[in-house]
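Data from my_file_1.cif: mmCIF, C-alpha atoms and all ligand atoms
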```cif
data_my_file
loop_
_atom_site.group_PDB
_atom_site.id
_atom_site.type_symbol
_atom_site.label_atom_id
_atom_site.label_comp_id
_atom_site.auth_asym_id
_atom_site.auth_seq_id
_atom_site.Cartn_x
_atom_site.Cartn_y
_atom_site.Cartn_z
ATOM 1 C CA MET A 157 6.369 4.107 -33.028
ATOM 2 C CA ASN A 158 3.248 6.209 -32.918
ATOM 3 C CA ASN A 159 0.930 5.647 -30.023
ATOM 4 C CA VAL A 160 -1.841 7.989 -31.080
ATOM 5 C CA GLU A 161 -2.515 8.811 -34.694
ATOM 6 C CA ILE A 162 -5.123 11.346 -35.725
ATOM 7 C CA LYS A 163 -6.008 11.529 -39.392
ATOM 8 C CA ASN A 164 -8.092 14.351 -40.809
ATOM 9 C CA LEU A 165 -10.357 14.613 -37.775
ATOM 10 C CA ASN A 166 -13.411 16.846 -38.049
ATOM 11 C CA TYR A 167 -15.954 17.324 -35.293
ATOM 12 C CA SER A 168 -19.131 19.418 -35.071
ATOM 13 C CA TYR A 169 -21.588 20.085 -32.251
ATOM 14 C CA VAL A 170 -25.023 20.220 -33.892
ATOM 15 C CA ASN A 171 -24.262 22.544 -36.788
ATOM 16 C CA LYS A 172 -21.145 24.177 -35.434
ATOM 17 C CA GLU A 173 -17.881 22.887 -36.834
ATOM 18 C CA ILE A 174 -15.277 22.874 -34.041
ATOM 19 C CA ILE A 175 -12.442 20.566 -35.094
ATOM 20 C CA LYS A 176 -11.300 21.185 -38.630
ATOM 21 C CA ASP A 177 -9.197 18.593 -40.386
ATOM 22 C CA ILE A 178 -6.733 17.881 -37.578
ATOM 23 C CA SER A 179 -3.943 15.371 -38.196
ATOM 24 C CA LEU A 180 -1.350 14.545 -35.531
ATOM 25 C CA SER A 181 1.134 11.756 -34.905
ATOM 26 C CA ILE A 182 1.942 11.301 -31.243
ATOM 27 C CA SER A 183 4.859 9.019 -30.575
ATOM 28 C CA HIS A 184 5.042 6.407 -27.848
ATOM 29 C CA GLY A 185 6.209 7.797 -24.491
ATOM 30 C CA SER A 186 6.256 11.411 -25.614
ATOM 31 C CA PHE A 187 5.012 14.372 -23.587
ATOM 32 C CA ASN A 188 2.605 16.512 -25.586
ATOM 33 C CA CYS A 189 0.996 19.804 -24.605
ATOM 34 C CA ILE A 190 -2.020 21.226 -26.382
ATOM 35 C CA LEU A 191 -2.152 24.999 -26.180
ATOM 36 C CA GLY A 192 -4.606 27.474 -27.607
ATOM 37 C CA PRO A 193 -7.045 30.203 -26.654
ATOM 38 C CA ASN A 194 -10.392 29.609 -24.930
ATOM 39 C CA GLY A 195 -12.841 28.013 -27.321
ATOM 40 C CA SER A 196 -10.191 26.895 -29.819
ATOM 41 C CA GLY A 197 -11.310 23.257 -29.504
ATOM 42 C CA LYS A 198 -8.764 21.766 -27.084
ATOM 43 C CA THR A 199 -11.279 19.935 -24.885
ATOM 44 C CA THR A 200 -13.294 18.801 -27.898
ATOM 45 C CA LEU A 201 -10.119 17.344 -29.401
ATOM 46 C CA VAL A 202 -9.153 15.388 -26.270
ATOM 47 C CA LYS A 203 -12.727 14.170 -25.773
ATOM 48 C CA ASN A 204 -12.477 12.655 -29.252
ATOM 49 C CA ILE A 205 -9.147 11.023 -28.362
ATOM 50 C CA VAL A 206 -10.622 9.294 -25.295
ATOM 51 C CA LYS A 207 -13.926 8.556 -27.090
ATOM 52 C CA LEU A 208 -16.059 10.637 -24.758
ATOM 53 C CA LEU A 209 -17.272 12.084 -28.022
ATOM 54 C CA TYR A 210 -17.636 9.846 -31.029
ATOM 55 C CA PRO A 211 -15.038 10.477 -33.720
ATOM 56 C CA SER A 212 -15.897 9.301 -37.210
ATOM 57 C CA LYS A 213 -14.432 6.059 -38.430
ATOM 58 C CA ASP A 214 -10.758 5.845 -39.467
ATOM 59 C CA THR A 215 -9.771 9.158 -37.895
ATOM 60 C CA ILE A 216 -8.200 8.085 -34.559
ATOM 61 C CA TYR A 217 -5.898 5.142 -33.924
ATOM 62 C CA ILE A 218 -4.552 4.097 -30.519
ATOM 63 C CA SER A 219 -1.605 1.657 -30.775
ATOM 64 C CA ASN A 220 -2.454 1.170 -34.461
ATOM 65 C CA LYS A 221 -6.011 0.063 -33.706
ATOM 66 C CA GLU A 222 -8.957 2.147 -34.821
ATOM 67 C CA ILE A 223 -10.603 3.638 -31.728
ATOM 68 C CA ASN A 224 -14.124 2.496 -32.584
ATOM 69 C CA GLU A 225 -12.906 -1.098 -32.632
ATOM 70 C CA TYR A 226 -12.018 -1.030 -28.933
ATOM 71 C CA LYS A 227 -14.440 -2.335 -26.332
ATOM 72 C CA ARG A 228 -14.926 0.222 -23.555
ATOM 73 C CA LYS A 229 -12.986 -1.732 -20.893
ATOM 74 C CA GLU A 230 -10.146 -2.506 -23.280
ATOM 75 C CA LEU A 231 -9.883 1.172 -24.210
ATOM 76 C CA SER A 232 -9.862 2.105 -20.497
ATOM 77 C CA ARG A 233 -6.786 -0.062 -20.004
ATOM 78 C CA LYS A 234 -5.054 1.880 -22.784
ATOM 79 C CA ILE A 235 -6.092 5.426 -22.119
ATOM 80 C CA ALA A 236 -7.085 7.438 -19.031
ATOM 81 C CA LEU A 237 -8.541 10.907 -18.776
ATOM 82 C CA VAL A 238 -8.187 13.533 -16.079
ATOM 83 C CA PRO A 239 -11.087 15.823 -16.974
ATOM 84 C CA GLN A 240 -11.256 19.581 -16.508
ATOM 85 C CA SER A 241 -13.772 19.224 -13.707
ATOM 86 C CA THR A 242 -15.221 16.180 -12.047
ATOM 87 C CA ILE A 243 -18.642 16.100 -10.450
ATOM 88 C CA ILE A 244 -19.079 13.250 -8.010
ATOM 89 C CA GLU A 245 -22.670 12.878 -6.837
ATOM 90 C CA TYR A 246 -22.151 10.530 -3.915
ATOM 91 C CA ASP A 247 -19.872 10.660 -0.926
ATOM 92 C CA PHE A 248 -17.002 8.401 -1.873
ATOM 93 C CA THR A 249 -13.723 8.463 0.012
ATOM 94 C CA VAL A 250 -10.512 9.308 -1.811
ATOM 95 C CA GLU A 251 -9.427 5.670 -1.614
ATOM 96 C CA GLU A 252 -12.729 4.522 -3.151
ATOM 97 C CA ILE A 253 -12.372 7.048 -5.969
ATOM 98 C CA VAL A 254 -8.807 5.941 -6.720
ATOM 99 C CA MET A 255 -9.926 2.292 -6.609
ATOM 100 C CA MET A 256 -12.341 3.124 -9.449
ATOM 101 C CA GLY A 257 -9.244 3.401 -11.617
ATOM 102 C CA ARG A 258 -8.865 -0.370 -11.235
ATOM 103 C CA MET A 259 -12.289 -1.144 -12.702
ATOM 104 C CA PRO A 260 -11.002 -1.866 -16.231
ATOM 105 C CA TYR A 261 -8.962 -4.725 -14.726
ATOM 106 C CA GLN A 262 -11.647 -6.245 -12.515
ATOM 107 C CA LYS A 263 -13.828 -9.153 -13.434
ATOM 108 C CA ARG A 264 -17.574 -8.864 -12.891
ATOM 109 C CA PHE A 265 -18.718 -9.632 -9.334
ATOM 110 C CA LYS A 266 -15.108 -10.047 -8.167
ATOM 111 C CA THR A 267 -13.728 -8.019 -5.274
ATOM 112 C CA GLU A 268 -10.539 -5.984 -5.334
ATOM 113 C CA THR A 269 -7.278 -7.913 -5.222
ATOM 114 C CA GLU A 270 -4.221 -7.258 -3.089
ATOM 115 C CA GLU A 271 -2.522 -5.956 -6.211
ATOM 116 C CA ASP A 272 -5.370 -3.456 -6.738
ATOM 117 C CA TYR A 273 -4.906 -2.152 -3.184
ATOM 118 C CA LEU A 274 -1.154 -1.897 -3.675
ATOM 119 C CA ILE A 275 -1.483 0.070 -6.922
ATOM 120 C CA VAL A 276 -4.108 2.342 -5.353
ATOM 121 C CA LYS A 277 -1.832 3.022 -2.385
ATOM 122 C CA GLU A 278 1.152 3.773 -4.633
ATOM 123 C CA SER A 279 -0.944 6.099 -6.791
ATOM 124 C CA MET A 280 -2.070 8.013 -3.699
ATOM 125 C CA ILE A 281 1.469 8.254 -2.327
ATOM 126 C CA LYS A 282 2.760 9.551 -5.678
ATOM 127 C CA THR A 283 0.124 12.269 -5.817
ATOM 128 C CA ASP A 284 0.423 13.228 -2.164
ATOM 129 C CA THR A 285 -3.151 12.098 -1.441
ATOM 130 C CA TYR A 286 -2.475 9.123 0.825
ATOM 131 C CA VAL A 287 -3.071 11.301 3.896
ATOM 132 C CA LEU A 288 -6.509 12.095 2.465
ATOM 133 C CA LYS A 289 -7.483 8.489 1.770
ATOM 134 C CA ASP A 290 -10.401 8.320 4.241
ATOM 135 C CA ARG A 291 -11.728 11.808 3.506
ATOM 136 C CA PHE A 292 -14.868 12.267 1.433
ATOM 137 C CA ILE A 293 -13.969 13.567 -2.003
ATOM 138 C CA ASN A 294 -16.612 16.302 -1.920
ATOM 139 C CA ASN A 295 -15.170 17.750 1.286
ATOM 140 C CA LEU A 296 -11.763 18.390 -0.281
ATOM 141 C CA SER A 297 -10.403 21.616 -1.709
ATOM 142 C CA GLY A 298 -10.300 21.956 -5.510
ATOM 143 C CA GLY A 299 -6.605 21.138 -5.593
ATOM 144 C CA GLU A 300 -6.846 18.134 -3.271
ATOM 145 C CA LYS A 301 -9.718 16.760 -5.330
ATOM 146 C CA GLN A 302 -7.765 17.268 -8.536
ATOM 147 C CA ARG A 303 -4.810 15.310 -7.141
ATOM 148 C CA ALA A 304 -7.167 12.473 -6.166
ATOM 149 C CA ILE A 305 -8.560 12.387 -9.713
ATOM 150 C CA ILE A 306 -5.003 12.251 -11.059
ATOM 151 C CA ALA A 307 -4.311 9.364 -8.631
ATOM 152 C CA ARG A 308 -7.346 7.530 -10.067
ATOM 153 C CA ALA A 309 -5.986 7.969 -13.598
ATOM 154 C CA ILE A 310 -2.554 6.680 -12.540
ATOM 155 C CA ALA A 311 -4.169 3.650 -10.843
ATOM 156 C CA GLN A 312 -5.707 2.885 -14.241
ATOM 157 C CA GLU A 313 -2.136 2.168 -15.467
ATOM 158 C CA PRO A 314 -2.793 3.568 -18.915
ATOM 159 C CA GLN A 315 -0.410 3.665 -21.866
ATOM 160 C CA VAL A 316 -1.800 7.067 -22.785
ATOM 161 C CA LEU A 317 -2.636 9.653 -20.139
ATOM 162 C CA VAL A 318 -4.834 12.540 -21.276
ATOM 163 C CA LEU A 319 -5.255 15.540 -19.001
ATOM 164 C CA ASP A 320 -7.465 18.588 -19.454
ATOM 165 C CA GLU A 321 -5.832 21.501 -17.633
ATOM 166 C CA PRO A 322 -4.569 19.316 -14.774
ATOM 167 C CA VAL A 323 -2.885 22.061 -12.789
ATOM 168 C CA SER A 324 -5.393 24.898 -13.064
ATOM 169 C CA TYR A 325 -6.643 24.479 -9.489
ATOM 170 C CA LEU A 326 -3.278 23.762 -7.938
ATOM 171 C CA ASP A 327 -1.016 26.015 -5.952
ATOM 172 C CA ILE A 328 2.466 26.604 -7.340
ATOM 173 C CA HIS A 329 4.012 23.834 -5.198
ATOM 174 C CA HIS A 330 1.527 21.213 -6.349
ATOM 175 C CA GLN A 331 1.631 22.509 -9.944
ATOM 176 C CA VAL A 332 5.319 21.735 -10.092
ATOM 177 C CA GLU A 333 4.890 18.443 -8.193
ATOM 178 C CA ILE A 334 2.170 17.199 -10.528
ATOM 179 C CA MET A 335 3.974 18.254 -13.708
ATOM 180 C CA LYS A 336 7.155 16.527 -12.457
ATOM 181 C CA LEU A 337 5.168 13.421 -11.557
ATOM 182 C CA ILE A 338 3.522 13.239 -14.976
ATOM 183 C CA LYS A 339 6.892 13.750 -16.652
ATOM 184 C CA LYS A 340 8.433 11.007 -14.479
ATOM 185 C CA LEU A 341 5.645 8.584 -15.365
ATOM 186 C CA SER A 342 6.164 9.370 -19.001
ATOM 187 C CA LEU A 343 9.924 8.789 -18.795
ATOM 188 C CA GLU A 344 9.989 5.770 -16.472
ATOM 189 C CA LYS A 345 6.908 3.882 -17.617
ATOM 190 C CA GLY A 346 6.866 5.036 -21.232
ATOM 191 C CA ILE A 347 3.418 6.578 -20.806
ATOM 192 C CA THR A 348 2.364 8.880 -23.602
ATOM 193 C CA VAL A 349 1.078 12.139 -22.158
ATOM 194 C CA ILE A 350 -1.336 14.477 -23.896
ATOM 195 C CA THR A 351 -2.183 17.435 -21.721
ATOM 196 C CA ILE A 352 -4.029 20.661 -22.264
ATOM 197 C CA LEU A 353 -2.311 23.568 -20.558
ATOM 198 C CA HIS A 354 -2.941 27.291 -20.393
ATOM 199 C CA ASP A 355 0.509 28.191 -19.155
ATOM 200 C CA VAL A 356 2.809 28.452 -22.168
ATOM 201 C CA ASN A 357 5.914 28.522 -19.969
ATOM 202 C CA LEU A 358 4.934 25.333 -18.184
ATOM 203 C CA ALA A 359 4.454 23.680 -21.562
ATOM 204 C CA ILE A 360 7.898 24.856 -22.701
ATOM 205 C CA GLU A 361 9.483 23.296 -19.606
ATOM 206 C CA TYR A 362 7.846 19.888 -19.895
ATOM 207 C CA ALA A 363 6.741 19.181 -23.448
ATOM 208 C CA ASP A 364 8.619 17.225 -26.084
ATOM 209 C CA ASN A 365 5.978 18.416 -28.473
ATOM 210 C CA ILE A 366 3.622 21.389 -28.385
ATOM 211 C CA VAL A 367 0.455 21.596 -30.461
ATOM 212 C CA LEU A 368 -0.794 25.140 -30.975
ATOM 213 C CA LEU A 369 -4.493 25.174 -31.787
ATOM 214 C CA LYS A 370 -6.331 28.075 -33.329
ATOM 215 C CA ASP A 371 -9.997 28.041 -34.385
ATOM 216 C CA GLY A 372 -10.121 24.245 -34.382
ATOM 217 C CA LYS A 373 -7.052 23.841 -36.588
ATOM 218 C CA VAL A 374 -3.440 23.004 -35.852
ATOM 219 C CA TYR A 375 -1.595 26.296 -36.245
ATOM 220 C CA SER A 376 1.721 24.549 -35.652
ATOM 221 C CA SER A 377 3.145 21.518 -33.910
ATOM 222 C CA GLY A 378 6.687 20.710 -32.831
ATOM 223 C CA SER A 379 9.308 21.429 -30.194
ATOM 224 C CA SER A 380 9.060 24.673 -28.219
ATOM 225 C CA GLU A 381 12.356 25.725 -29.804
ATOM 226 C CA ASN A 382 10.767 25.520 -33.232
ATOM 227 C CA ILE A 383 7.264 26.799 -32.679
ATOM 228 C CA VAL A 384 7.173 29.230 -29.756
ATOM 229 C CA ASN A 385 8.034 32.732 -30.847
ATOM 230 C CA GLU A 386 6.622 36.291 -30.746
ATOM 231 C CA LYS A 387 4.832 35.821 -34.073
ATOM 232 C CA SER A 388 3.164 32.479 -33.325
ATOM 233 C CA ILE A 389 1.941 33.568 -29.869
ATOM 234 C CA LYS A 390 0.647 36.851 -31.294
ATOM 235 C CA GLU A 391 -1.191 35.081 -34.104
ATOM 236 C CA VAL A 392 -2.689 32.378 -31.901
ATOM 237 C CA TYR A 393 -3.499 34.324 -28.717
ATOM 238 C CA ASP A 394 -3.612 37.882 -30.071
ATOM 239 C CA VAL A 395 -1.229 39.124 -27.403
ATOM 240 C CA ASN A 396 2.143 40.796 -27.619
ATOM 241 C CA VAL A 397 4.925 38.846 -25.961
ATOM 242 C CA ALA A 398 8.660 38.953 -25.564
ATOM 243 C CA VAL A 399 10.354 35.577 -25.772
ATOM 244 C CA ILE A 400 13.514 35.539 -23.669
ATOM 245 C CA LYS A 401 15.870 32.872 -22.434
ATOM 246 C CA ASN A 402 14.922 31.348 -19.088
ATOM 247 C CA PRO A 403 17.961 32.129 -16.892
ATOM 248 C CA ILE A 404 17.587 28.877 -14.919
ATOM 249 C CA THR A 405 16.766 26.290 -17.571
ATOM 250 C CA GLY A 406 18.079 27.954 -20.720
ATOM 251 C CA SER A 407 14.828 27.267 -22.552
ATOM 252 C CA LYS A 408 12.469 29.876 -23.935
ATOM 253 C CA TYR A 409 10.392 32.026 -21.606
ATOM 254 C CA VAL A 410 7.347 33.991 -22.715
ATOM 255 C CA ILE A 411 6.524 37.357 -21.148
ATOM 256 C CA PRO A 412 3.305 39.096 -22.218
ATOM 257 C CA TYR A 413 3.294 42.903 -22.331
HETATM 258 N N1 LIG A 501 -21.567 20.279 -25.892
HETATM 259 C C1 LIG A 501 -21.397 21.340 -26.668
HETATM 260 N N2 LIG A 501 -22.375 21.773 -27.498
HETATM 261 C C2 LIG A 501 -22.207 22.842 -28.303
HETATM 262 N N3 LIG A 501 -21.069 23.566 -28.373
HETATM 263 C C3 LIG A 501 -20.058 23.199 -27.570
HETATM 264 C C4 LIG A 501 -20.157 22.075 -26.677
HETATM 265 N N4 LIG A 501 -18.984 21.948 -26.014
HETATM 266 C C5 LIG A 501 -18.185 22.938 -26.454
HETATM 267 N N5 LIG A 501 -18.819 23.686 -27.388
HETATM 268 C C6 LIG A 501 -18.257 24.840 -28.115
HETATM 269 O O1 LIG A 501 -17.152 24.370 -28.864
HETATM 270 C C7 LIG A 501 -16.112 25.347 -28.882
HETATM 271 C C8 LIG A 501 -14.812 24.697 -28.427
HETATM 272 O O2 LIG A 501 -14.960 24.328 -27.056
HETATM 273 P P1 LIG A 501 -13.802 23.572 -26.273
HETATM 274 O O3 LIG A 501 -14.310 23.337 -24.893
HETATM 275 O O4 LIG A 501 -13.353 22.432 -27.069
HETATM 276 O O5 LIG A 501 -12.681 24.705 -26.265
HETATM 277 P P2 LIG A 501 -11.351 24.831 -25.393
HETATM 278 O O6 LIG A 501 -10.277 25.226 -26.342
HETATM 279 O O7 LIG A 501 -11.143 23.609 -24.597
HETATM 280 O O8 LIG A 501 -11.721 26.062 -24.448
HETATM 281 P P3 LIG A 501 -11.254 26.457 -22.946
HETATM 282 O O9 LIG A 501 -9.828 26.891 -23.027
HETATM 283 O O10 LIG A 501 -12.157 27.623 -22.633
HETATM 284 O O11 LIG A 501 -11.494 25.285 -22.038
HETATM 285 C C9 LIG A 501 -16.590 26.498 -28.010
HETATM 286 O O12 LIG A 501 -17.092 27.514 -28.849
HETATM 287 C C10 LIG A 501 -17.693 25.893 -27.176
HETATM 288 O O13 LIG A 501 -18.669 26.853 -26.851
#
```

Before anything else, please render the file you have as structure tokens.
Amino acid sequence: MNNVEIKNLNYSYVNKEIIKDISLSISHGSFNCILGPNGSGKTTLVKNIVKLLYPSKDTIYISNKEINEYKRKELSRKIALVPQSTIIEYDFTVEEIVMMGRMPYQKRFKTETEEDYLIVKESMIKTDTYVLKDRFINNLSGGEKQRAIIARAIAQEPQVLVLDEPVSYLDIHHQVEIMKLIKKLSLEKGITVITILHDVNLAIEYADNIVLLKDGKVYSSGSSENIVNEKSIKEVYDVNVAVIKNPITGSKYVIPY
């Protein structure tokens, strides 16, 4: 069953065409990585998928329902975004930020329930942010803040989790922890993951499906076995690479030279 279906999506900023006739079928519970050079349209594509930008009618379907037919709160229960950077104007604590993930489930003028607090606590424990719960978000390091934003998205209990370069600010320990956590959520809870990554090798390790974007078009899409090779990486990123076998995992490993 497909969870996210994109049909002939085009998107332009003012007069500049960025997304050019993209079609993708993303199956329920799969782990998808979007790769491509700077400016190739990755963020613009995911902003369309979460309706931060407005895709034209009949181009994006979430659980077989056209995205424009969703009410905002209903869509927020289906799909959560971890953006590339998050600016928070006011001094909220980590716990308050993560609680914001529960807003799509709360009735107007009602306070948080015990269940909300439980889910918020679990989300913080999973992302290693529980120890930070009373700290102000704007006093945290980039990586700590990023983990809190991921906790907020998890607290949203989405069916589709969309992440824009979620590990860019993280040290190697937390990179691995967060990628493992996202993979676990995908496997155990059947969450569909769509994540932008810059690290091709990380994508090879975690993705069921890789989408290689070039100039706003899908260059290729499929398993790393099928689509990652010297030619595709050269054509998409304009860099020479050797693709070897990872001695630990047995999967492909890309070395630029
Ligand atoms: N709000 C905007 N108005 C006009 N042009 C924009 C806007 N946002 C992005 N662009 C342009 O659209 C193109 C694609 O940008 P996008 O952020 O989608 O690329 P990306 O692949 O995510 O890049 P990166 O890897 O650098 O994050 C770029 O040329 C960018 O300058």

Residues within 10 Å of Lys339 in chain A, please, as an MDAnalysis selection string. Count only C-alpha atoms; anything in the same chain fewer than 2 positions from it doesn't count.
chainID A and resid 185:187 333:337 341:349 362:363

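Proximity of A:Lys207, A:Val276, A:Glu321, A:Asn295 to Tyr226 in chain A, computed with all atoms listed in the file, is greatest for A:Lys207.
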
Enumerate residues in contact with ligand LIG 501 (chain A): an atom-to-atom distance of at most 6 Å, counting only C-alpha atoms and all ligand atoms. Format the result as a ChimeraX atom specification.
/A:169,174,193-200

Residues from last step as file, C-alpha atoms, as a short mmCIF file (atom, residue, chain, number, x, y, z; two decimals), keeping the file's coordinate frame:
```
data_model
loop_
_atom_site.label_atom_id
_atom_site.label_comp_id
_atom_site.auth_asym_id
_atom_site.auth_seq_id
_atom_site.Cartn_x
_atom_site.Cartn_y
_atom_site.Cartn_z
CA TYR A 169 -21.59 20.08 -32.25
CA ILE A 174 -15.28 22.87 -34.04
CA PRO A 193 -7.04 30.20 -26.65
CA ASN A 194 -10.39 29.61 -24.93
CA GLY A 195 -12.84 28.01 -27.32
CA SER A 196 -10.19 26.90 -29.82
CA GLY A 197 -11.31 23.26 -29.50
CA LYS A 198 -8.76 21.77 -27.08
CA THR A 199 -11.28 19.93 -24.88
CA THR A 200 -13.29 18.80 -27.90
#
```

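Distances to Asn357 in chain A were evaluated for A:Asn396, A:Ser241, A:Ser181, A:Thr405 using all atoms listed in the file, and the minimum falls at A:Thr405.
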
On this structure, which residues satisfy the PyMOL selection byres (((chain A and resi 313-317) around 9) and not hetatm), written as a ChimeraX atom specification?
/A:159-160,184-185,218,232-238,257-258,275,309-312,318-319,338,342,345-351

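You can rank A:Glu391, A:Ala304, A:Leu180, A:Leu165 by their closest distance to Thr242 in chain A using only C-alpha atoms, and at the top of that list sits A:Ala304.
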
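Among A:Thr249, A:Asn385, A:Ser377, A:Ser407, the residue with the shortest atom-to-atom distance to Tyr286 in chain A, counting all atoms listed in the file, is A:Thr249.
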
Can you give me, as a PyMOL selection string, the residues this file yields under the PyMOL selection byres (((chain A and resi 326) around 9) and not hetatm)?
chain A and resi 298-300+302-303+322-325+327-331+334

For a test of reading the model, state the distance in Å between CA of Met255 in chain A and CA of Phe292 in chain A, rounded to one decimal.
13.7 Å

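Going from CA of Ile243 in chain A over to CA of Lys289 in chain A, you cover 18.2 Å.
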
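Under the PyMOL selection byres (((chain A and resi 224) around 10) and not hetatm), the matching residues in the shown file are Lys207, Tyr210, Pro211, Ser212, Lys213, Asp214, Thr215, Ile216, Tyr217, Ile218, Lys221, Glu222, Ile223, Glu225, Tyr226, Lys227, Arg228 and Leu231 of chain A.
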
Distance query Ile360 in chain A at most 7 Å, all atoms listed in the file, self and fewer than 4 positions along chain excluded, as JSON, numbers by chain:
{"A": [356, 380, 408]}

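For the atom pair formed by CA of Ile400 in chain A and CA of Ser379 in chain A, the distance is 16.1 Å, given to one decimal.
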
Which residue of A:Asp272, A:Glu361, A:Val367, A:Thr283 approaches Leu201 in chain A most closely, using only C-alpha atoms
A:Val367

The centre and edge lengths of an axis-aligned box containing all atoms of range 205-222 of chain A present in the file, extended by 6 Å on each side, are to be given in Å to one decimal, as AutoDock Vina command-line options.
```
--center_x -9.6 --center_y 6.1 --center_z -32.1 --size_x 28.0 --size_y 24.0 --size_z 26.7
```

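Comparing A:Val254, A:Val206, A:Val332, A:Leu368 by their smallest distance to Ile305 in chain A, the closest is A:Val254 (using only C-alpha atoms).
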
Taking (-20.2, 15.4, -5.5) in the file's coordinates as the center, which residues reach within 8 Å of it, counting all atoms listed in the file, put as a PyMOL selection string?
chain A and resi 243-247+293-294
